[in-house]
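Data first, discussion second: the structure below is written as structure tokens.
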Amino acid sequence: MQPAQLRPAVFQVVFPRYAGNDPEEEKRWGVMAKSRYFYCLFLMNTLINIINFAPRELIDARFDGAQSSILVAVATGTLFIYLFTKVINKFPGQGLPEIFGSALPKLLAAPLIFVYAVLWYMAGALILLSFVDITLRFISPDTGPYAILFGFLAVVCLCSRIDSLSLLYGLEVTLGITLPLILYTTVKAIINPDFSWDAVLQVMTHSLHAPDMNSIAAATFTFSGYINLAVFNRVFHGLKLKHIWILSLEGFLVLAICFFVPIGYHGTVGIERHVYTWFTTADSIRIEAFLIERMLYIFYFAYITLSLVSAIIQWHVGKELLLSLLPSTAKKPKKKLRQEIVILVLFAAGALALMRMDQYDLNMLGVFLLHIRWYGELLLILLLFWCYWIVRRRRA
């Protein structure tokens, strides 16, 4: 028997770095991700939406179609999830590189994979840069920005090398810790006597405005967690997505909360003065009879944890896509390690270079990325259906 056949499943779970990247081996030993981990990926992206550029775009269009854009985004996002999971289930245990490599010519597959790797990298980099700015504004204004970023980069670069299955385990634990804190903050904000329902109702009178494209692109980001299956599908086999309406309802509730709650606190006009609306909202809430009086610290702890895990997953996907473009290192672990180090060093250098951008430029880049991401998801779904048609025609 081969050494891989002698490894029991429990050994792979306890020591995940020894688990191979062979989907057939993982399937044989039963070390495949359960369907619930898909919901973890979706929930992570939904929650991270609260602090990213999406709330800012929705609030800017609060009188010009943000509410109708949310409804369009819920329908569009749900449709994208259904189509993407439907087609990628036709390729069990395969990621984007394997699917493109089996159906598309190399001259077309390689540039597409490279472009998508850059998009995943930029998504993680913008999360880190946003949290550097948040830390400087709300927590430690005297700390140097590069010192904060170096700390974030050390964690993200080291953890991005962990295998996909172990990252899903870590994500589940992280959500178990942070989700109750986020729910507590949300409930505390809504039941606070300082919350103005009149401001919320005033904004709702503008609900009949036509949808705004910027707002649709921003709101659909809430549903984009499914796209990480481009690499994580390697550890899924026969993903069964049940009750998709739950994802629609969850996405709608998160969008409604991240849009209306800051308006209820800061007013229909005063909300314009705030960049990170939910952090200023959390800073307005006081906790009675607790060791920590300011809700901001609890909210910051929850979101710095979630943001770092989100950036780790984004860079892990980007790294895996770029690795697929390099010569195979299946039997050369040291060579693979060198390739990973080079890629992650380039990722870190890019993040350091982006630190030169001011807040306005960073926001413009974030809005641009929201648009590119939306069109990129649509293109990816079409490409996957095309790949499935090609593979099926070859088998016929």
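Residue numbers start at 1 in each chain; chains themselves are named A, B, ... in the order of the structure tokens; ligands are numbered from 1 in the order shown.
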
| task | Would you please give, as a ChimeraX atom specification, all residues of segment 202-389 of chain A that DSSP assigns to alpha helix (DSSP H) based on the backbone? | result | /A:202-204,213-219,229-232,244-266,277-283,295-323,333-354,359-389

Quick one: contact table of segment 304-345 of chain A to segment 100-118 of chain A, 10 Å max, nearest atom pair and distance in Å to one decimal per residue, counting only C-alpha atoms, chain and number order, as a Markdown table?
| residue | atom | partner | partner_atom | distance |
| --- | --- | --- | --- | --- |
| A:Gln314 | CA | A:Ala117 | CA | 9.2 |
| A:Trp315 | CA | A:Ala117 | CA | 8.6 |
| A:His316 | CA | A:Ala117 | CA | 9.7 |
| A:Val317 | CA | A:Ala117 | CA | 7.3 |
| A:Gly318 | CA | A:Ala117 | CA | 4.3 |
| A:Lys319 | CA | A:Ala117 | CA | 7.2 |
| A:Glu320 | CA | A:Ala117 | CA | 8.2 |
| A:Leu321 | CA | A:Ala117 | CA | 5.7 |
| A:Leu322 | CA | A:Ala117 | CA | 6.3 |
| A:Leu323 | CA | A:Ala117 | CA | 9.8 |
| A:Ser324 | CA | A:Ile113 | CA | 8.5 |
| A:Leu325 | CA | A:Ala110 | CA | 6.5 |

Since we have the selection now, will you write its residues out, keeping all heavy atoms, as a short mmCIF file (atom, residue, chain, number, x, y, z; two decimals), in the first residue's frame?
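Produced file part-v3.cif, reproduced below:
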data_model
loop_
_atom_site.label_atom_id
_atom_site.label_comp_id
_atom_site.auth_asym_id
_atom_site.auth_seq_id
_atom_site.Cartn_x
_atom_site.Cartn_y
_atom_site.Cartn_z
N GLN A 314 -9.12 35.32 1.34
CA GLN A 314 -8.97 35.96 0.03
C GLN A 314 -7.57 35.74 -0.53
O GLN A 314 -7.41 35.39 -1.71
CB GLN A 314 -9.23 37.47 0.16
CG GLN A 314 -10.57 37.87 0.73
CD GLN A 314 -11.71 37.71 -0.24
OE1 GLN A 314 -11.52 37.29 -1.38
NE2 GLN A 314 -12.92 38.02 0.19
N TRP A 315 -6.55 35.91 0.30
CA TRP A 315 -5.17 35.73 -0.17
C TRP A 315 -4.85 34.26 -0.39
O TRP A 315 -4.02 33.93 -1.25
CB TRP A 315 -4.19 36.38 0.80
CG TRP A 315 -4.12 37.86 0.61
CD1 TRP A 315 -5.02 38.64 -0.05
CD2 TRP A 315 -3.09 38.75 1.05
NE1 TRP A 315 -4.63 39.96 -0.03
CE2 TRP A 315 -3.45 40.05 0.63
CE3 TRP A 315 -1.92 38.58 1.77
CZ2 TRP A 315 -2.66 41.17 0.91
CZ3 TRP A 315 -1.13 39.69 2.06
CH2 TRP A 315 -1.50 40.97 1.62
N HIS A 316 -5.48 33.39 0.37
CA HIS A 316 -5.28 31.96 0.14
C HIS A 316 -5.79 31.57 -1.25
O HIS A 316 -5.12 30.84 -1.99
CB HIS A 316 -6.02 31.15 1.21
CG HIS A 316 -6.02 29.67 0.97
ND1 HIS A 316 -4.92 28.88 1.22
CD2 HIS A 316 -6.98 28.84 0.48
CE1 HIS A 316 -5.20 27.62 0.91
NE2 HIS A 316 -6.44 27.57 0.46
N VAL A 317 -6.97 32.09 -1.61
CA VAL A 317 -7.52 31.80 -2.94
C VAL A 317 -6.62 32.39 -4.02
O VAL A 317 -6.29 31.72 -5.01
CB VAL A 317 -8.96 32.35 -3.05
CG1 VAL A 317 -9.48 32.17 -4.48
CG2 VAL A 317 -9.88 31.64 -2.08
N GLY A 318 -6.21 33.65 -3.83
CA GLY A 318 -5.32 34.26 -4.81
C GLY A 318 -4.00 33.53 -4.96
O GLY A 318 -3.49 33.33 -6.07
N LYS A 319 -3.46 33.09 -3.83
CA LYS A 319 -2.19 32.34 -3.86
C LYS A 319 -2.35 31.01 -4.60
O LYS A 319 -1.50 30.65 -5.43
CB LYS A 319 -1.72 32.07 -2.43
CG LYS A 319 -0.53 31.12 -2.32
CD LYS A 319 -0.21 30.81 -0.88
CE LYS A 319 -1.24 29.94 -0.22
NZ LYS A 319 -1.20 28.52 -0.70
N GLU A 320 -3.42 30.30 -4.33
CA GLU A 320 -3.64 29.01 -4.98
C GLU A 320 -3.83 29.18 -6.49
O GLU A 320 -3.37 28.35 -7.27
CB GLU A 320 -4.85 28.31 -4.37
CG GLU A 320 -4.63 27.81 -2.94
CD GLU A 320 -3.55 26.75 -2.86
OE1 GLU A 320 -3.52 25.86 -3.73
OE2 GLU A 320 -2.71 26.82 -1.93
N LEU A 321 -4.50 30.24 -6.89
CA LEU A 321 -4.67 30.48 -8.32
C LEU A 321 -3.34 30.77 -9.00
O LEU A 321 -3.07 30.27 -10.10
CB LEU A 321 -5.65 31.64 -8.54
CG LEU A 321 -7.11 31.39 -8.14
CD1 LEU A 321 -7.94 32.65 -8.36
CD2 LEU A 321 -7.70 30.22 -8.90
N LEU A 322 -2.51 31.57 -8.35
CA LEU A 322 -1.20 31.88 -8.94
C LEU A 322 -0.29 30.65 -8.94
O LEU A 322 0.49 30.46 -9.89
CB LEU A 322 -0.54 33.03 -8.17
CG LEU A 322 -1.18 34.42 -8.35
CD1 LEU A 322 -0.45 35.44 -7.51
CD2 LEU A 322 -1.18 34.83 -9.81
N LEU A 323 -0.37 29.83 -7.91
CA LEU A 323 0.45 28.61 -7.87
C LEU A 323 0.12 27.69 -9.04
O LEU A 323 0.99 26.99 -9.56
CB LEU A 323 0.23 27.87 -6.55
CG LEU A 323 0.97 28.39 -5.32
CD1 LEU A 323 0.56 27.60 -4.09
CD2 LEU A 323 2.48 28.32 -5.50
N SER A 324 -1.15 27.70 -9.45
CA SER A 324 -1.54 26.83 -10.56
C SER A 324 -0.91 27.25 -11.88
O SER A 324 -0.85 26.45 -12.82
CB SER A 324 -3.07 26.82 -10.70
OG SER A 324 -3.55 28.08 -11.15
N LEU A 325 -0.43 28.50 -11.95
CA LEU A 325 0.21 28.98 -13.18
C LEU A 325 1.70 28.65 -13.23
O LEU A 325 2.32 28.78 -14.28
CB LEU A 325 0.03 30.50 -13.30
CG LEU A 325 -1.41 31.01 -13.35
CD1 LEU A 325 -1.43 32.53 -13.39
CD2 LEU A 325 -2.16 30.43 -14.54
#

| request: For atom CA of Val72 of chain A and atom CA of Phe223 of chain A, quote the distance in Å rounded to one decimal. | output: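 Interatomic distance here is 12.2 Å.
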
Skipping near chain neighbours, those fewer than 3 positions away, what residues fall within 8 Å of Met213 of chain A using only C-alpha atoms, listed as a PDB file with C-alpha atoms, in the first residue's frame?
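The resulting selection04.pdb:
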ATOM      1  CA  SER A  69     -31.137  48.645  -5.329  1.00  0.00           C
ATOM      2  CA  ILE A 216     -26.468  47.427  -6.888  1.00  0.00           C
ATOM      3  CA  ALA A 217     -22.771  46.633  -7.357  1.00  0.00           C
TER       4      ALA A 217
END

| message | When you count only C-alpha atoms, which of these residues is closest to Phe221 of chain A: A:Phe252, A:Tyr388, A:Phe152, A:Phe131? | response |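 Of the candidates, the smallest distance to Phe221 of chain A is held by A:Phe252.
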
| query | Using only C-alpha atoms, which residues sit within 10 Å of segment 85-91 of chain A once same-chain residues fewer than 4 positions away are excluded, as a ChimeraX atom specification? | reply | /A:38,80-81,95-96,98-99,226-227,229-230,233-234,236-241,381-382,384-388,392

| query | Quick one: distance from atom CA of Ala311 of chain A to atom CA of Arg294 of chain A in Å, one decimal? | reply |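 Atom CA of Ala311 of chain A sits 26.4 Å away from atom CA of Arg294 of chain A.
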
| request: Show which residues sit within 9 Å of Leu255 of chain A, as a count of residues only. Count only C-alpha atoms, and ignore same-chain residues fewer than 2 positions away. | output: 15
